[in-house]
Protein chains: 2
Amino acid sequence: MALTLYPLKGLPLVKSGDDLSAILAHTLDANDLSLEAGDVLVVAQKIISKAEGRFVNLTTVTPSARACHYAEITGKDPRLLELILSESREVLRTRKNLIIVEHRLGFVSANAGIDHSNVSGSWGEPEDWVLLLPEHPDESAARIRKALQEKYGCQVGVLIIDSHGRAWRLGTVGVTIGLSGLPGVVDLRGESDLFDYRLRVTQVAAADELAAGASLMMGQAREGTPAVLARGFPYPLRESGLTELNRPKHLDLFR
Amino acid sequence: MALTLYPLKGLPLVKSGDDLSAILAHTLDANDLSLEAGDVLVVAQKIISKAEGRFVNLTTVTPSARACHYAEITGKDPRLLELILSESREVLRTRKNLIIVEHRLGFVSANAGIDHSNVSGSWGEPEDWVLLLPEHPDESAARIRKALQEKYGCQVGVLIIDSHGRAWRLGTVGVTIGLSGLPGVVDLRGESDLFDYRLRVTQVAAADELAAGASLMMGQAREGTPAVLARGFPYPLRESGLTELNRPKHLDLFR
């Protein structure tokens, strides 16, 4: 069976307080699509964050001395640094125009995932608004999944993704920041290969592989389609969470 | 338009010297598929390496003192370490059961991508055989692409992938190790977002996103389907190479 990734066209701009599950169902319908058992709906973090009202206006933020310190190193706005630090557990690297942190959700990312593009608030200047990541993306995914499963009467997965840079490779790729109902990592250790060897290194980050593929269909700029229906995900659906995908600090050789 | 990833079923076991382009075309045919303009054929490195005869029998390898040193640290076979070092520019990290290197091709990977599973040679014990990565994967991709373009009379891309671990996340994902005819990184910098901001961080590793998605459909063990047809790749095809995706050492903050 093939895997097909359908970008959902025509999703309206999402506002704080919107019922995202209803919007997604409506947009599926407008694309002549519905959900079937085993489907995974892949959603960009941005529209989750918007629906959950994770907007902050920088004029309301007072930077700490620590934020000002990192602002000086990076050349970034100290108020933005204040937000980045408040969303982070640890600062891993800084240099001009760059700050890489361990996010409070456990993954490593630039700017704690705080987003400036395609964001505007209800008052003041658009450029003063930024958008934090969802507070608990696994829970956001679970809520949307529950609503969609009730509507469509079948078991589906929901995957929330963002775009991350990587330590050793150029360009960003889509990665999981929250999930519900599909495996994060699939463990094939112990299965035999074609010559009856035991496979040794076979923990596949299935959710991240899907995140990357779906990200390809989301576009980045004006053409953005922040939701993609994945039909044909090759592994059985099951309960899961982001902790499956975060490498624990004691196993991380590259800090 | 959707992206569809068709795993090619029934690909025969590939042997040294096989005409892989002909085998791929035959297998496409057996799957009732052909290539259309804009398609990308994604191929696992393993069958490229096999066709190119990149087998080495460990009983023919004499480990150097340096290889023995790393064998002691990692607990791995010193003859395997000799091959890993000969395929590498630099050792980045070692510990029990693990060696992470910069491969001579410029990317960072465990074991220099040398593979032990699903490999067997023409003599001796199967467990003595290992498989190196293709010597010049970009050229391998270009050769296959040229043959397929001639056969199908249209412009396509060829992407050679492997599975890599990642610094901060668990589980492996498919990544590019060679490519021809599709962009490695797509640069969207300067395009406007929905609110007319300039996008800032918008270099998308499109080839790696496709590599990850296609890897999902390749399976890992007995069910392995080492080639996937991608139809609906959303960016224009163009000339490219692996150097687009390798982060240069002076930009790497995590060594």
# chains A, B, ... in the order shown; residues from 1 in each chain; ligands from 1
call {"tool": "residues_around", "arguments": {"residues": "range 128-137 of chain B", "least_positions_apart": "6", "cutoff": "6 Å", "atoms": "only C-alpha atoms", "output": "ChimeraX atom specification"}}
result
/B:49,54-58,114-116,120,178
call {"tool": "write_last_selection", "arguments": {"atoms": "N, CA, C and O atoms", "output": "short mmCIF file (atom, residue, chain, number, x, y, z; two decimals), in the first residue's frame"}}
result
data_model
loop_
_atom_site.label_atom_id
_atom_site.label_comp_id
_atom_site.auth_asym_id
_atom_site.auth_seq_id
_atom_site.Cartn_x
_atom_site.Cartn_y
_atom_site.Cartn_z
N SER B 49 24.93 0.06 -3.16
CA SER B 49 26.22 -0.49 -2.73
C SER B 49 26.40 -1.92 -3.21
O SER B 49 27.49 -2.32 -3.65
N ARG B 54 30.30 -3.12 -3.30
CA ARG B 54 31.02 -2.50 -2.17
C ARG B 54 31.13 -3.46 -0.97
O ARG B 54 31.23 -3.02 0.17
N PHE B 55 31.10 -4.76 -1.24
CA PHE B 55 31.27 -5.77 -0.19
C PHE B 55 32.73 -5.86 0.23
O PHE B 55 33.63 -5.78 -0.60
N VAL B 56 32.94 -6.05 1.51
CA VAL B 56 34.29 -6.36 2.01
C VAL B 56 34.17 -7.54 2.97
O VAL B 56 33.25 -7.57 3.81
N ASN B 57 35.07 -8.50 2.83
CA ASN B 57 35.12 -9.60 3.78
C ASN B 57 36.13 -9.25 4.87
O ASN B 57 37.30 -8.96 4.60
N LEU B 58 35.65 -9.29 6.12
CA LEU B 58 36.48 -8.83 7.24
C LEU B 58 37.76 -9.66 7.39
O LEU B 58 38.75 -9.15 7.92
N ILE B 114 28.62 1.80 7.45
CA ILE B 114 28.92 0.42 7.05
C ILE B 114 27.89 -0.53 7.65
O ILE B 114 27.53 -0.42 8.81
N ASP B 115 27.43 -1.43 6.81
CA ASP B 115 26.22 -2.19 7.10
C ASP B 115 26.54 -3.67 7.21
O ASP B 115 27.33 -4.21 6.45
N HIS B 116 25.90 -4.31 8.16
CA HIS B 116 26.16 -5.72 8.40
C HIS B 116 24.92 -6.58 8.10
O HIS B 116 25.04 -7.77 7.87
N SER B 120 25.49 -10.58 2.33
CA SER B 120 26.23 -11.84 2.27
C SER B 120 27.08 -11.83 1.01
O SER B 120 26.67 -11.28 -0.02
N GLY B 178 22.95 10.83 -1.37
CA GLY B 178 23.31 11.15 -2.75
C GLY B 178 22.06 11.54 -3.51
O GLY B 178 20.96 11.06 -3.18
#
call {"tool": "residues_around", "arguments": {"residues": "range 6-23 of chain A", "least_positions_apart": "3", "cutoff": "7 Å", "atoms": "only C-alpha atoms", "output": "ChimeraX atom specification"}}
result
/A:26-28,31,47,50-53,144,147-148,217-218,225,227-230 /B:2-3
call {"tool": "write_last_selection", "arguments": {"atoms": "N, CA, C and O atoms", "output": "mmCIF file, in the first residue's frame"}}
result
data_model
loop_
_atom_site.group_PDB
_atom_site.id
_atom_site.type_symbol
_atom_site.label_atom_id
_atom_site.label_comp_id
_atom_site.auth_asym_id
_atom_site.auth_seq_id
_atom_site.Cartn_x
_atom_site.Cartn_y
_atom_site.Cartn_z
ATOM 1 N N HIS A 26 -14.168 20.599 8.758
ATOM 2 C CA HIS A 26 -14.782 21.376 7.692
ATOM 3 C C HIS A 26 -13.864 21.439 6.471
ATOM 4 O O HIS A 26 -14.304 21.315 5.326
ATOM 5 N N THR A 27 -12.559 21.635 6.733
ATOM 6 C CA THR A 27 -11.608 21.753 5.625
ATOM 7 C C THR A 27 -11.402 20.406 4.937
ATOM 8 O O THR A 27 -11.247 20.351 3.705
ATOM 9 N N LEU A 28 -11.387 19.329 5.702
ATOM 10 C CA LEU A 28 -11.343 17.996 5.081
ATOM 11 C C LEU A 28 -12.517 17.854 4.110
ATOM 12 O O LEU A 28 -12.348 17.443 2.953
ATOM 13 N N ASN A 31 -12.206 19.650 0.978
ATOM 14 C CA ASN A 31 -11.240 19.013 0.085
ATOM 15 C C ASN A 31 -11.717 17.638 -0.398
ATOM 16 O O ASN A 31 -10.914 16.867 -0.939
ATOM 17 N N ILE A 47 -0.930 26.612 13.854
ATOM 18 C CA ILE A 47 -2.377 26.814 13.992
ATOM 19 C C ILE A 47 -2.897 26.279 15.324
ATOM 20 O O ILE A 47 -3.900 26.772 15.843
ATOM 21 N N LYS A 50 -2.077 29.211 17.633
ATOM 22 C CA LYS A 50 -3.019 30.323 17.415
ATOM 23 C C LYS A 50 -4.368 30.021 18.056
ATOM 24 O O LYS A 50 -4.926 30.861 18.772
ATOM 25 N N ALA A 51 -4.884 28.824 17.801
ATOM 26 C CA ALA A 51 -6.192 28.475 18.370
ATOM 27 C C ALA A 51 -6.149 28.512 19.891
ATOM 28 O O ALA A 51 -7.135 28.870 20.545
ATOM 29 N N GLU A 52 -4.996 28.161 20.461
ATOM 30 C CA GLU A 52 -4.861 28.140 21.918
ATOM 31 C C GLU A 52 -4.440 29.499 22.483
ATOM 32 O O GLU A 52 -4.188 29.625 23.682
ATOM 33 N N GLY A 53 -4.361 30.499 21.610
ATOM 34 C CA GLY A 53 -4.090 31.859 22.089
ATOM 35 C C GLY A 53 -2.707 32.055 22.672
ATOM 36 O O GLY A 53 -2.529 32.798 23.646
ATOM 37 N N ILE A 144 -7.720 16.978 19.821
ATOM 38 C CA ILE A 144 -8.154 17.005 18.420
ATOM 39 C C ILE A 144 -8.490 15.585 17.957
ATOM 40 O O ILE A 144 -9.507 15.350 17.291
ATOM 41 N N ALA A 147 -11.908 14.450 19.289
ATOM 42 C CA ALA A 147 -13.018 15.082 18.571
ATOM 43 C C ALA A 147 -13.173 14.480 17.172
ATOM 44 O O ALA A 147 -14.298 14.203 16.715
ATOM 45 N N LEU A 148 -12.056 14.258 16.487
ATOM 46 C CA LEU A 148 -12.130 13.713 15.122
ATOM 47 C C LEU A 148 -12.587 12.261 15.139
ATOM 48 O O LEU A 148 -13.353 11.833 14.271
ATOM 49 N N MET A 217 4.825 19.004 2.193
ATOM 50 C CA MET A 217 3.585 19.400 1.530
ATOM 51 C C MET A 217 2.930 20.610 2.174
ATOM 52 O O MET A 217 1.856 21.031 1.763
ATOM 53 N N MET A 218 3.545 21.164 3.207
ATOM 54 C CA MET A 218 2.907 22.295 3.885
ATOM 55 C C MET A 218 3.335 23.634 3.313
ATOM 56 O O MET A 218 2.666 24.627 3.554
ATOM 57 N N THR A 225 -0.065 25.433 3.675
ATOM 58 C CA THR A 225 -1.211 24.582 3.984
ATOM 59 C C THR A 225 -0.868 23.831 5.266
ATOM 60 O O THR A 225 -0.197 22.810 5.226
ATOM 61 N N ALA A 227 -2.092 21.843 7.323
ATOM 62 C CA ALA A 227 -2.590 20.523 7.732
ATOM 63 C C ALA A 227 -2.520 19.586 6.529
ATOM 64 O O ALA A 227 -2.779 19.984 5.393
ATOM 65 N N VAL A 228 -2.106 18.371 6.825
ATOM 66 C CA VAL A 228 -1.913 17.354 5.779
ATOM 67 C C VAL A 228 -2.523 16.049 6.277
ATOM 68 O O VAL A 228 -2.264 15.624 7.407
ATOM 69 N N LEU A 229 -3.338 15.434 5.434
ATOM 70 C CA LEU A 229 -3.879 14.117 5.752
ATOM 71 C C LEU A 229 -2.946 13.052 5.211
ATOM 72 O O LEU A 229 -2.624 13.044 4.022
ATOM 73 N N ALA A 230 -2.486 12.158 6.103
ATOM 74 C CA ALA A 230 -1.613 11.044 5.698
ATOM 75 C C ALA A 230 -2.433 9.764 5.685
ATOM 76 O O ALA A 230 -2.947 9.338 6.725
ATOM 77 N N ALA B 2 -1.415 16.020 -4.228
ATOM 78 C CA ALA B 2 -0.903 15.192 -3.138
ATOM 79 C C ALA B 2 0.457 14.603 -3.502
ATOM 80 O O ALA B 2 0.828 14.517 -4.673
ATOM 81 N N LEU B 3 1.185 14.218 -2.474
ATOM 82 C CA LEU B 3 2.426 13.447 -2.652
ATOM 83 C C LEU B 3 2.103 11.992 -2.351
ATOM 84 O O LEU B 3 1.579 11.683 -1.277
#
call {"tool": "select_by_dssp", "arguments": {"residues": "range 78-208 of chain A", "states": "helix (DSSP H, G or I)", "output": "PyMOL selection string"}}
result
chain A and resi 78-86+111-113+126-128+137-152+206-208
call {"tool": "atom_distance", "arguments": {"atom1": "CA of Ala141 in chain A", "atom2": "CA of Val175 in chain B"}}
result
26.5 Å
call {"tool": "residues_around", "arguments": {"residues": "Ala205 in chain A", "least_positions_apart": "3", "cutoff": "8 Å", "atoms": "only C-alpha atoms", "output": "mmCIF file with N, CA and C atoms, in the first residue's frame"}}
result
data_model
loop_
_atom_site.group_PDB
_atom_site.id
_atom_site.type_symbol
_atom_site.label_atom_id
_atom_site.label_comp_id
_atom_site.auth_asym_id
_atom_site.auth_seq_id
_atom_site.Cartn_x
_atom_site.Cartn_y
_atom_site.Cartn_z
ATOM 1 N N GLY A 184 5.591 7.031 18.235
ATOM 2 C CA GLY A 184 6.691 7.957 18.000
ATOM 3 C C GLY A 184 7.867 7.208 17.410
ATOM 4 N N VAL A 185 8.331 6.195 18.142
ATOM 5 C CA VAL A 185 9.431 5.346 17.701
ATOM 6 C C VAL A 185 8.915 3.920 17.583
ATOM 7 N N VAL A 186 9.252 3.271 16.489
ATOM 8 C CA VAL A 186 8.873 1.871 16.287
ATOM 9 C C VAL A 186 10.115 1.019 16.510
ATOM 10 N N ASP A 208 8.607 11.038 13.273
ATOM 11 C CA ASP A 208 9.429 12.091 12.671
ATOM 12 C C ASP A 208 9.577 11.891 11.169
ATOM 13 N N GLU A 209 9.602 10.653 10.725
ATOM 14 C CA GLU A 209 9.659 10.429 9.281
ATOM 15 C C GLU A 209 8.374 10.938 8.619
ATOM 16 N N LEU A 245 10.399 10.371 21.632
ATOM 17 C CA LEU A 245 11.295 10.903 20.602
ATOM 18 C C LEU A 245 12.413 11.780 21.139
ATOM 19 N N LEU B 170 15.581 10.485 19.519
ATOM 20 C CA LEU B 170 15.713 9.031 19.460
ATOM 21 C C LEU B 170 15.161 8.499 18.144
ATOM 22 N N GLY B 171 15.663 7.333 17.753
ATOM 23 C CA GLY B 171 15.180 6.681 16.546
ATOM 24 C C GLY B 171 15.894 7.206 15.318
ATOM 25 N N THR B 172 15.936 6.368 14.297
ATOM 26 C CA THR B 172 16.579 6.771 13.046
ATOM 27 C C THR B 172 15.544 7.371 12.091
ATOM 28 N N VAL B 173 16.045 8.183 11.174
ATOM 29 C CA VAL B 173 15.207 8.690 10.075
ATOM 30 C C VAL B 173 15.988 8.550 8.772
#
call {"tool": "closest_residue", "arguments": {"among": "B:Asp187, B:Glu239, B:Asp138, B:Asp32", "to": "Ile161 in chain B", "atoms": "only C-alpha atoms"}}
result
B:Asp138
call {"tool": "closest_residue", "arguments": {"among": "A:Pro78, A:Pro63, A:Gly106, A:Pro236", "to": "chain B", "atoms": "only C-alpha atoms"}}
result
A:Gly106
call {"tool": "atom_distance", "arguments": {"atom1": "CA of Arg89 in chain A", "atom2": "CA of Asp252 in chain A"}}
result
15.2 Å
call {"tool": "closest_residue", "arguments": {"among": "B:Arg66, B:His103, B:His250, B:Arg169", "to": "chain A", "atoms": "only C-alpha atoms"}}
result
B:Arg169
